[in-house]
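J.: Next up, entry-v1.pdb (PDB, C-alpha atoms).
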```pdb
ATOM      1  CA  MET A1394      -9.567 -21.552  -4.951
ATOM      2  CA  SER A1395      -9.083 -20.225  -1.424
ATOM      3  CA  CYS A1396      -8.468 -16.571  -0.609
ATOM      4  CA  GLN A1397      -4.952 -17.441   0.492
ATOM      5  CA  GLN A1398      -4.214 -19.125  -2.839
ATOM      6  CA  LYS A1399      -5.546 -16.100  -4.726
ATOM      7  CA  GLU A1400      -3.348 -13.801  -2.674
ATOM      8  CA  GLU A1401      -0.300 -15.960  -3.316
ATOM      9  CA  ILE A1402      -0.939 -15.903  -7.079
ATOM     10  CA  LEU A1403      -1.417 -12.137  -6.977
ATOM     11  CA  VAL A1404       1.809 -11.519  -5.083
ATOM     12  CA  LYS A1405       3.751 -13.921  -7.290
ATOM     13  CA  THR A1406       2.492 -12.117 -10.405
ATOM     14  CA  VAL A1407       3.384  -8.682  -9.009
ATOM     15  CA  CYS A1408       6.870  -9.899  -8.149
ATOM     16  CA  GLU A1409       7.367 -11.358 -11.620
ATOM     17  CA  ILE A1410       6.312  -8.077 -13.238
ATOM     18  CA  TYR A1411       8.609  -6.155 -10.926
ATOM     19  CA  ASP A1412      11.479  -8.480 -11.823
ATOM     20  CA  ASN A1413      10.854  -7.978 -15.557
ATOM     21  CA  ILE A1414      10.778  -4.214 -15.152
ATOM     22  CA  SER A1415      14.036  -4.324 -13.213
ATOM     23  CA  LYS A1416      15.755  -6.258 -15.990
ATOM     24  CA  LEU A1417      15.010  -3.689 -18.694
ATOM     25  CA  ASP A1418      18.066  -1.904 -20.074
ATOM     26  CA  SER A1419      16.099   1.324 -20.301
ATOM     27  CA  LEU A1420      12.889   2.497 -18.716
ATOM     28  CA  LYS A1421      12.199   5.240 -21.224
ATOM     29  CA  PRO A1422       8.731   5.132 -22.784
ATOM     30  CA  CYS A1423       8.540   2.201 -25.175
ATOM     31  CA  LYS A1424       6.326  -0.735 -26.011
ATOM     32  CA  ASP A1425       7.870  -3.046 -23.395
ATOM     33  CA  VAL A1426       7.712  -0.489 -20.593
ATOM     34  CA  ASN A1427       4.114   0.387 -21.389
ATOM     35  CA  MET A1428       3.138  -3.275 -21.574
ATOM     36  CA  LEU A1429       4.693  -4.156 -18.214
ATOM     37  CA  PHE A1430       3.160  -1.266 -16.319
ATOM     38  CA  THR A1431      -0.215  -1.874 -17.919
ATOM     39  CA  GLN A1432       0.057  -5.480 -16.780
ATOM     40  CA  LEU A1433       0.960  -4.333 -13.257
ATOM     41  CA  VAL A1434      -2.051  -2.033 -13.002
ATOM     42  CA  LEU A1435      -4.440  -4.618 -14.417
ATOM     43  CA  THR A1436      -3.105  -7.195 -11.953
ATOM     44  CA  CYS A1437      -3.675  -4.902  -8.986
ATOM     45  CA  MET A1438      -7.000  -3.493 -10.157
ATOM     46  CA  PRO A1439      -9.531  -6.217  -9.220
ATOM     47  CA  PRO A1440     -10.877  -5.973  -5.641
ATOM     48  CA  ASN A1441      -8.814  -8.164  -3.362
ATOM     49  CA  PRO A1442      -8.928  -8.477   0.434
ATOM     50  CA  ILE A1443      -5.132  -8.603   0.699
ATOM     51  CA  ASP A1444      -3.638  -6.189   3.220
ATOM     52  CA  THR A1445      -0.374  -5.118   1.639
ATOM     53  CA  THR A1446       0.725  -3.446   4.880
ATOM     54  CA  LYS A1447       1.023  -6.883   6.507
ATOM     55  CA  LEU A1448       3.275  -8.508   3.941
ATOM     56  CA  CYS A1449       6.595  -9.979   5.053
ATOM     57  CA  GLN A1450       9.683  -7.785   5.041
ATOM     58  CA  LYS A1451      10.976  -8.938   1.639
ATOM     59  CA  LEU A1452       7.667  -8.210  -0.048
ATOM     60  CA  GLN A1453       7.375  -4.891   1.759
ATOM     61  CA  GLU A1454      10.674  -3.895   0.161
ATOM     62  CA  ILE A1455       9.334  -4.777  -3.289
ATOM     63  CA  ARG A1456       6.115  -2.883  -2.608
ATOM     64  CA  SER A1457       7.991   0.174  -1.349
ATOM     65  CA  HIS A1458      10.218   0.176  -4.407
ATOM     66  CA  LEU A1459       7.263  -0.147  -6.785
ATOM     67  CA  ILE A1460       5.577   2.855  -5.186
ATOM     68  CA  GLN A1461       8.785   4.875  -5.524
ATOM     69  CA  LEU A1462       9.094   3.931  -9.189
ATOM     70  CA  CYS A1463       5.489   4.883  -9.842
ATOM     71  CA  GLY A1464       6.179   8.252  -8.238
ATOM     72  CA  VAL A1465       9.230   8.850 -10.411
ATOM     73  CA  ALA A1466       7.274   7.676 -13.449
ATOM     74  CA  GLU A1467       4.425  10.044 -12.800
ATOM     75  CA  GLY A1468       6.772  12.972 -12.296
ATOM     76  CA  LEU A1469       8.673  12.323 -15.513
ATOM     77  CA  LEU A1470       5.502  11.770 -17.484
ATOM     78  CA  GLU A1471       4.041  15.060 -16.285
ATOM     79  CA  THR A1472       7.325  16.874 -16.863
ATOM     80  CA  HIS A1473       7.393  15.674 -20.469
ATOM     81  CA  PHE A1474       3.895  16.884 -21.239
ATOM     82  CA  SER A1475       4.198  20.086 -19.236
ATOM     83  CA  THR A1476       7.304  20.973 -21.246
ATOM     84  CA  ASN A1477       5.472  20.320 -24.507
ATOM     85  CA  LEU A1478       2.408  22.290 -23.444
ATOM     86  CA  GLY A1479       4.571  25.193 -22.317
ATOM     87  CA  SER A1480       5.811  25.646 -25.871
ATOM     88  CA  TYR A1481       2.384  26.883 -26.968
ATOM     89  CA  GLU A1482       1.284  30.496 -26.743
ATOM     90  CA  ASN A1483      -1.863  29.383 -24.900
ATOM     91  CA  PRO A1484      -0.980  26.072 -23.222
ATOM     92  CA  LEU A1485      -4.438  25.381 -21.799
ATOM     93  CA  ASP A1486      -5.894  25.350 -25.302
ATOM     94  CA  HIS A1487      -3.864  22.194 -25.899
ATOM     95  CA  ILE A1488      -4.127  20.536 -22.495
ATOM     96  CA  GLU A1489      -6.111  17.622 -23.907
ATOM     97  CA  GLU A1490      -2.868  16.459 -25.505
ATOM     98  CA  PHE A1491      -2.076  14.963 -22.116
ATOM     99  CA  PRO A1492      -3.376  11.418 -22.663
ATOM    100  CA  TYR A1493      -5.038  11.139 -19.247
ATOM    101  CA  PHE A1494      -6.661  14.559 -19.106
ATOM    102  CA  SER A1495     -10.129  13.006 -19.245
ATOM    103  CA  ASN A1496      -9.265  11.089 -16.073
ATOM    104  CA  TYR A1497      -8.608  14.348 -14.267
ATOM    105  CA  ILE A1498     -11.909  15.750 -15.499
ATOM    106  CA  LYS A1499     -13.712  12.816 -13.882
ATOM    107  CA  LEU A1500     -11.538  12.873 -10.771
ATOM    108  CA  GLY A1501     -12.126  16.596 -10.339
ATOM    109  CA  LEU A1502     -15.874  16.046 -10.508
ATOM    110  CA  LEU A1503     -15.628  13.200  -8.006
ATOM    111  CA  GLU A1504     -13.625  15.149  -5.453
ATOM    112  CA  PHE A1505     -15.733  18.271  -5.907
ATOM    113  CA  THR A1506     -18.870  16.179  -5.309
ATOM    114  CA  ILE A1507     -17.408  14.608  -2.169
ATOM    115  CA  LEU A1508     -16.309  18.005  -0.897
ATOM    116  CA  SER A1509     -19.716  19.528  -1.623
ATOM    117  CA  ASP A1510     -21.551  16.662   0.082
ATOM    118  CA  HIS A1511     -19.730  17.364   3.323
ATOM    119  CA  THR A1512     -19.906  21.153   3.205
ATOM    120  CA  LYS A1513     -23.342  21.756   1.678
ATOM    121  CA  SER A1514     -25.049  22.132   5.053
ATOM    122  CA  ASP A1515     -23.582  25.610   5.509
ATOM    123  CA  GLY A1516     -23.696  26.466   1.808
ATOM    124  CA  HIS A1517     -20.160  27.821   1.976
ATOM    125  CA  VAL A1518     -17.917  27.696  -1.084
ATOM    126  CA  PRO A1519     -14.200  27.719  -0.200
ATOM    127  CA  LYS A1520     -12.350  30.854  -1.230
ATOM    128  CA  ARG A1521      -8.794  29.585  -0.672
ATOM    129  CA  ILE A1522      -7.545  26.057  -1.360
ATOM    130  CA  ALA A1523      -4.047  24.632  -1.002
ATOM    131  CA  PHE A1524      -2.780  21.708  -3.041
ATOM    132  CA  VAL A1525       0.286  20.035  -1.563
ATOM    133  CA  GLY A1526       2.450  18.229  -4.100
ATOM    134  CA  SER A1527       1.059  19.884  -7.222
ATOM    135  CA  GLY A1528       3.919  18.848  -9.528
ATOM    136  CA  PRO A1529       4.836  20.137 -12.990
ATOM    137  CA  LEU A1530       1.331  19.539 -14.388
ATOM    138  CA  PRO A1531      -1.181  20.694 -11.706
ATOM    139  CA  LEU A1532      -4.245  19.264 -13.411
ATOM    140  CA  THR A1533      -6.355  18.830 -10.272
ATOM    141  CA  SER A1534      -6.085  22.527  -9.476
ATOM    142  CA  ILE A1535      -6.657  23.509 -13.096
ATOM    143  CA  VAL A1536      -9.761  21.326 -13.438
ATOM    144  CA  LEU A1537     -11.279  22.401 -10.129
ATOM    145  CA  ALA A1538     -10.575  26.087 -10.806
ATOM    146  CA  SER A1539     -11.889  25.933 -14.373
ATOM    147  CA  ASN A1540     -14.944  23.727 -13.957
ATOM    148  CA  HIS A1541     -16.154  23.727 -10.365
ATOM    149  CA  LEU A1542     -14.726  26.465  -8.149
ATOM    150  CA  ARG A1543     -14.576  29.479 -10.438
ATOM    151  CA  ASN A1544     -14.215  32.066  -7.669
ATOM    152  CA  THR A1545     -11.675  30.180  -5.587
ATOM    153  CA  SER A1546      -7.939  30.835  -5.416
ATOM    154  CA  PHE A1547      -5.575  27.849  -5.531
ATOM    155  CA  HIS A1548      -2.176  27.850  -3.854
ATOM    156  CA  ASN A1549      -0.005  25.047  -5.210
ATOM    157  CA  TYR A1550       2.908  23.832  -3.111
ATOM    158  CA  ASP A1551       5.782  21.752  -4.409
ATOM    159  CA  ILE A1552       9.260  21.195  -3.025
ATOM    160  CA  ASP A1553      10.737  21.029  -6.551
ATOM    161  CA  GLU A1554      11.531  24.414  -8.087
ATOM    162  CA  SER A1555      11.722  22.905 -11.569
ATOM    163  CA  ALA A1556       8.180  21.551 -11.202
ATOM    164  CA  ASN A1557       6.810  24.998 -10.418
ATOM    165  CA  SER A1558       8.853  26.583 -13.183
ATOM    166  CA  LEU A1559       7.060  24.300 -15.637
ATOM    167  CA  ALA A1560       3.632  24.635 -14.035
ATOM    168  CA  THR A1561       3.498  28.440 -13.815
ATOM    169  CA  PRO A1562       3.605  29.160 -17.590
ATOM    170  CA  LEU A1563       0.688  26.785 -18.160
ATOM    171  CA  VAL A1564      -1.732  29.267 -16.593
ATOM    172  CA  SER A1565       0.088  32.561 -17.138
ATOM    173  CA  ALA A1566      -1.610  33.172 -20.500
ATOM    174  CA  ASP A1567      -5.082  32.643 -19.054
ATOM    175  CA  PRO A1568      -6.407  35.935 -17.587
ATOM    176  CA  ASP A1569      -8.702  34.193 -15.123
ATOM    177  CA  LEU A1570      -6.553  31.334 -13.858
ATOM    178  CA  SER A1571      -3.390  33.439 -13.717
ATOM    179  CA  SER A1572      -5.150  35.684 -11.204
ATOM    180  CA  ARG A1573      -6.314  32.770  -9.025
ATOM    181  CA  MET A1574      -3.494  30.214  -9.177
ATOM    182  CA  PHE A1575      -0.287  30.697  -7.214
ATOM    183  CA  PHE A1576       2.817  28.524  -6.915
ATOM    184  CA  HIS A1577       5.024  28.150  -3.859
ATOM    185  CA  THR A1578       8.354  26.313  -3.875
ATOM    186  CA  THR A1579       8.904  24.989  -0.376
ATOM    187  CA  ASP A1580       8.764  21.928   1.808
ATOM    188  CA  ILE A1581       5.259  21.886   3.259
ATOM    189  CA  LEU A1582       6.805  21.112   6.657
ATOM    190  CA  ASN A1583       8.233  24.638   6.575
ATOM    191  CA  VAL A1584       4.796  26.172   6.032
ATOM    192  CA  THR A1585       3.159  26.983   9.356
ATOM    193  CA  ASN A1586       0.706  29.795  10.031
ATOM    194  CA  GLU A1587      -0.148  30.160   6.345
ATOM    195  CA  LEU A1588      -1.932  26.804   6.483
ATOM    196  CA  SER A1589      -4.611  28.295   8.725
ATOM    197  CA  GLU A1590      -5.647  30.564   5.842
ATOM    198  CA  TYR A1591      -6.947  27.694   3.697
ATOM    199  CA  GLU A1592     -10.446  26.276   4.009
ATOM    200  CA  VAL A1593      -9.458  23.113   2.130
ATOM    201  CA  VAL A1594      -6.101  21.370   1.764
ATOM    202  CA  PHE A1595      -5.521  18.646  -0.831
ATOM    203  CA  LEU A1596      -2.661  16.214  -0.160
ATOM    204  CA  ALA A1597      -1.313  14.427  -3.237
ATOM    205  CA  ALA A1598      -1.008  10.638  -3.052
ATOM    206  CA  LEU A1599       2.773  10.652  -3.471
ATOM    207  CA  VAL A1600       3.575  13.241  -0.805
ATOM    208  CA  GLY A1601       5.055  11.030   1.885
ATOM    209  CA  MET A1602       6.216   7.874   0.143
ATOM    210  CA  ASN A1603       6.258   5.754   3.298
ATOM    211  CA  LYS A1604       4.100   5.610   6.402
ATOM    212  CA  ASP A1605       6.430   7.619   8.636
ATOM    213  CA  ASP A1606       6.811  10.456   6.131
ATOM    214  CA  LYS A1607       3.080  10.488   5.394
ATOM    215  CA  VAL A1608       2.177  10.665   9.082
ATOM    216  CA  LYS A1609       4.720  13.422   9.601
ATOM    217  CA  VAL A1610       3.017  15.547   6.941
ATOM    218  CA  ILE A1611      -0.470  14.788   8.284
ATOM    219  CA  ASP A1612       0.583  15.686  11.834
ATOM    220  CA  HIS A1613       2.035  18.965  10.563
ATOM    221  CA  LEU A1614      -1.197  19.810   8.777
ATOM    222  CA  ALA A1615      -3.186  18.949  11.888
ATOM    223  CA  LYS A1616      -1.049  21.335  13.904
ATOM    224  CA  TYR A1617      -1.452  24.352  11.630
ATOM    225  CA  MET A1618      -4.695  23.974   9.676
ATOM    226  CA  ALA A1619      -7.660  25.988  10.933
ATOM    227  CA  PRO A1620     -10.332  24.243  13.030
ATOM    228  CA  ASN A1621     -13.150  22.854  10.865
ATOM    229  CA  SER A1622     -11.112  23.184   7.679
ATOM    230  CA  ILE A1623     -11.150  20.206   5.292
ATOM    231  CA  LEU A1624      -8.336  17.818   4.379
ATOM    232  CA  MET A1625      -8.714  15.711   1.245
ATOM    233  CA  LEU A1626      -6.178  13.029   0.464
ATOM    234  CA  ARG A1627      -5.778  10.012  -1.766
ATOM    235  CA  SER A1628      -4.964   6.522  -0.627
ATOM    236  CA  ALA A1629      -5.170   2.941  -1.909
ATOM    237  CA  HIS A1630      -6.879  -0.255  -0.824
ATOM    238  CA  GLY A1631      -6.204  -3.969  -1.263
ATOM    239  CA  ALA A1632      -3.818  -4.917  -4.056
ATOM    240  CA  ARG A1633      -3.806  -1.301  -5.215
ATOM    241  CA  GLY A1634      -1.452  -0.715  -2.293
ATOM    242  CA  PHE A1635       1.328  -2.016  -4.551
ATOM    243  CA  LEU A1636       0.917   1.161  -6.626
ATOM    244  CA  TYR A1637       0.246   3.939  -4.119
ATOM    245  CA  PRO A1638       0.877   4.545  -0.410
ATOM    246  CA  ILE A1639      -1.937   3.500   1.913
ATOM    247  CA  VAL A1640      -3.248   6.027   4.420
ATOM    248  CA  ASP A1641      -4.689   4.455   7.560
ATOM    249  CA  PRO A1642      -7.562   6.644   8.816
ATOM    250  CA  THR A1643      -6.295   6.094  12.362
ATOM    251  CA  ASP A1644      -3.170   8.027  11.345
ATOM    252  CA  LEU A1645      -5.215  11.193  10.882
ATOM    253  CA  GLN A1646      -4.833  12.342  14.465
ATOM    254  CA  GLY A1647      -6.398  15.746  14.991
ATOM    255  CA  PHE A1648      -8.929  15.176  12.207
ATOM    256  CA  GLU A1649     -12.488  13.895  12.134
ATOM    257  CA  VAL A1650     -12.504  11.399   9.283
ATOM    258  CA  LEU A1651     -15.810  11.937   7.521
ATOM    259  CA  GLN A1652     -15.680   9.271   4.857
ATOM    260  CA  VAL A1653     -13.381   6.891   3.032
ATOM    261  CA  PHE A1654     -14.208   5.891  -0.553
ATOM    262  CA  HIS A1655     -12.777   2.567  -1.763
ATOM    263  CA  PRO A1656     -13.792   2.163  -5.416
ATOM    264  CA  THR A1657     -14.147  -1.431  -6.564
ATOM    265  CA  ASP A1658     -14.018  -0.729 -10.273
ATOM    266  CA  GLU A1659     -11.064   0.290 -12.429
ATOM    267  CA  VAL A1660     -10.308   3.362 -10.325
ATOM    268  CA  ILE A1661      -7.157   2.833  -8.271
ATOM    269  CA  ASN A1662      -7.134   5.616  -5.699
ATOM    270  CA  SER A1663      -9.280   5.719  -2.606
ATOM    271  CA  VAL A1664     -10.396   9.166  -1.449
ATOM    272  CA  ILE A1665     -10.422  10.274   2.191
ATOM    273  CA  ILE A1666     -12.119  13.438   3.408
ATOM    274  CA  ALA A1667     -11.526  14.687   6.949
ATOM    275  CA  ARG A1668     -12.318  17.778   8.985
ATOM    276  CA  LYS A1669      -9.819  19.421  11.313
ATOM    277  CA  SER A1670     -11.041  18.888  14.862
ATOM    278  CA  PRO A1671     -10.421  21.015  17.936
ATOM    279  CA  SER A1672      -7.436  19.533  19.738
ATOM    280  CA  THR A1673      -9.563  18.630  22.747
ATOM    281  CA  THR A1674     -12.092  16.631  20.741
ATOM    282  CA  PRO A1675     -11.324  12.961  20.035
ATOM    283  CA  PRO A1676     -11.995  11.926  16.426
ATOM    284  CA  PRO A1677     -15.306  10.054  16.027
ATOM    285  CA  GLN A1678     -15.948   6.945  13.961
ATOM    286  CA  TYR A1679     -15.899   7.369  10.209
ATOM    287  CA  SER A1680     -17.810   5.600   7.464
ATOM    288  CA  SER A1681     -15.925   3.468   4.953
ATOM    289  CA  VAL A1682     -17.480   2.957   1.537
ATOM    290  CA  ASP A1683     -16.595   0.170  -0.885
ATOM    291  CA  ARG A1684     -18.486   0.604  -4.112
ATOM    292  CA  MET A1685     -18.364   0.863  -7.867
ATOM    293  CA  ILE A1686     -18.624   4.427  -9.081
ATOM    294  CA  ASP A1687     -18.033   6.131 -12.404
ATOM    295  CA  HIS A1688     -14.543   7.428 -11.779
ATOM    296  CA  PRO A1689     -11.476   7.923 -13.953
ATOM    297  CA  VAL A1690      -9.299   5.013 -14.932
ATOM    298  CA  ILE A1691      -5.830   5.054 -13.454
ATOM    299  CA  ARG A1692      -2.923   5.630 -15.818
ATOM    300  CA  THR A1693      -1.989   2.281 -17.332
ATOM    301  CA  CYS A1694       1.347   3.505 -18.647
ATOM    302  CA  LYS A1695       4.154   4.393 -16.270
ATOM    303  CA  CYS A1696       7.249   5.609 -18.070
ATOM    304  CA  PHE A1697      10.475   6.692 -16.448
ATOM    305  CA  GLU A1698      14.217   6.512 -16.759
ATOM    306  CA  THR A1699      15.946   5.540 -13.557
ATOM    307  CA  GLN A1700      17.904   2.610 -12.252
ATOM    308  CA  GLN A1701      18.293   1.825  -8.591
ATOM    309  CA  ASP A1702      20.264  -0.897  -6.893
ATOM    310  CA  PHE A1703      17.805  -3.377  -5.471
ATOM    311  CA  ASN A1704      17.617  -7.054  -4.635
ATOM    312  CA  HIS A1705      15.094  -8.862  -6.831
ATOM    313  CA  LEU A1706      13.100 -10.495  -4.061
ATOM    314  CA  THR A1707      10.713 -12.582  -6.097
ATOM    315  CA  HIS A1708      10.790 -15.646  -3.883
ATOM    316  CA  GLY A1709       9.594 -16.415  -0.400
ATOM    317  CA  ILE A1710       5.908 -15.948  -1.273
ATOM    318  CA  ASN A1711       4.967 -18.308   1.546
ATOM    319  CA  CYS A1712       6.047 -15.575   3.989
ATOM    320  CA  MET A1713       3.437 -13.239   2.534
ATOM    321  CA  ILE A1714       1.572 -12.482   5.751
ATOM    322  CA  GLU A1715       3.542 -11.880   8.897
TER
END
```
What do you get writing this file as structure tokens?
T.:
Amino acid sequence: MSCQQKEEILVKTVCEIYDNISKLDSLKPCKDVNMLFTQLVLTCMPPNPIDTTKLCQKLQEIRSHLIQLCGVAEGLLETHFSTNLGSYENPLDHIEEFPYFSNYIKLGLLEFTILSDHTKSDGHVPKRIAFVGSGPLPLTSIVLASNHLRNTSFHNYDIDESANSLATPLVSADPDLSSRMFFHTTDILNVTNELSEYEVVFLAALVGMNKDDKVKVIDHLAKYMAPNSILMLRSAHGARGFLYPIVDPTDLQGFEVLQVFHPTDEVINSVIIARKSPSTTPPPQYSSVDRMIDHPVIRTCKCFETQQDFNHLTHGINCMIE
């Protein structure tokens, strides 16, 4: 079977799954919803050379909508569990109730290792980190602060006040984390000089749901982050671009892209690490890594309740590549 035939089968399958999801009367967590999203993730998981950014317009609309739905799903899933955890006197004692907490443990170790590999030459441990798009269940910050960066303060930014109102009580009962974790409700585009105070900035995968919005955020960070500070962000590669936005390293103007990790196993997200460059210095070449590594498995259940008007564009597969 040729590569083109494989790509056509992949796209056809993704479109069929999308169409089935769109026909559901309700998208609340249930057997059918879980089954369909598990099928979607498993379809997109195997390494595939397809470039989802070069699909025809109809398929780009399907891809864009899928990414939006995954974002809504993730937010609602985290809201549900954050609400439940917040009912406990000591929420962090029960955090393993979140079904994918072990994934965040592994992801935290991965990103800490990548960060350490590119900062170990000076032996400096960051004292202030910002996480942009922390959401109602800020597990990345919690894991990094608890397990890897125990003397670092974490400033979590989210545009949604309700997300921060759920996240704050999760750490308030912990004497250590409550003194090192802070929550800011604001659009990151309204944060300017404060960004220069952070040695590392994490950018969540779903901040900037399309290329223009993503680039706008990256350009803003490049303008206000301190020289030589580190930007870490998550992307996707190949068929995994149906699930998460893809960040093109060439879009990181003002940054020196140090490395791009494209896992080829069951991990969905790529990881990009970049260093803020002086404005007069052109960004050098970066290294791109495709490999199998022991990383967390992506959530295989996406549960949400939302309906949006949308044309079910499941035909026209022969226009896949423009």
J.: Of the candidates A:Leu1485, A:Leu1478, A:Leu1433, A:Val1653, which one gets nearest to Ser1571 of chain A if we count only C-alpha atoms?
T.: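 Once distances to Ser1571 of chain A are computed over only C-alpha atoms, the minimum belongs to A:Leu1485.
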J.: Could you check the closest approach to Ile1443 of chain A for each of A:Met1394, A:Leu1563, A:Ala1597, A:Val1404 and tell me which residue wins, using all atoms listed in the file?
T.: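 Closest to Ile1443 of chain A of all the choices is A:Val1404.
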J.: Between A:His1577, A:His1517, A:Lys1447, A:His1541, which has the minimum distance to Ile1639 of chain A (counting all atoms listed in the file)?
T.: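 Using all atoms listed in the file, Ile1639 of chain A sits closest to A:Lys1447.
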J.: For the structure provided, state which residues fall under the PyMOL selection byres ((chain A and resi 1560) around 9), and present them as a list in words.
T.: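 Taken on the displayed file, the PyMOL selection byres ((chain A and resi 1560) around 9) yields the residues Ser1475, Thr1476, Gly1479, Ser1527, Gly1528, Pro1529, Leu1530, Pro1531, Ser1555, Ala1556, Asn1557, Ser1558, Leu1559, Thr1561, Pro1562, Leu1563, Val1564 and Phe1576 of chain A.
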J.: Store the residues picked out above in a file with C-alpha atoms, as a compact mmCIF listing (two decimals), keeping the file's coordinate frame.
T.:
```
# COMPACT_ATOMS: atom_id res chain seq x y z
CA SER A 1475 4.20 20.09 -19.24
CA THR A 1476 7.30 20.97 -21.25
CA GLY A 1479 4.57 25.19 -22.32
CA SER A 1527 1.06 19.88 -7.22
CA GLY A 1528 3.92 18.85 -9.53
CA PRO A 1529 4.84 20.14 -12.99
CA LEU A 1530 1.33 19.54 -14.39
CA PRO A 1531 -1.18 20.69 -11.71
CA SER A 1555 11.72 22.90 -11.57
CA ALA A 1556 8.18 21.55 -11.20
CA ASN A 1557 6.81 25.00 -10.42
CA SER A 1558 8.85 26.58 -13.18
CA LEU A 1559 7.06 24.30 -15.64
CA THR A 1561 3.50 28.44 -13.82
CA PRO A 1562 3.60 29.16 -17.59
CA LEU A 1563 0.69 26.78 -18.16
CA VAL A 1564 -1.73 29.27 -16.59
CA PHE A 1576 2.82 28.52 -6.92
```
J.: Just so the selection is clear, what residues does the PyMOL selection byres ((chain A and resi 1543-1549) around 8) cover here, as a ChimeraX atom specification?
T.: /A:1519-1527,1531,1534,1537-1542,1550-1551,1573-1577
J.: Given the PyMOL selection byres ((chain A and resi 1640) around 8) and the file above, list the residues it selects as an MDAnalysis selection string.
T.: chainID A and resid 1604 1607 1627:1629 1638:1639 1641:1642 1644
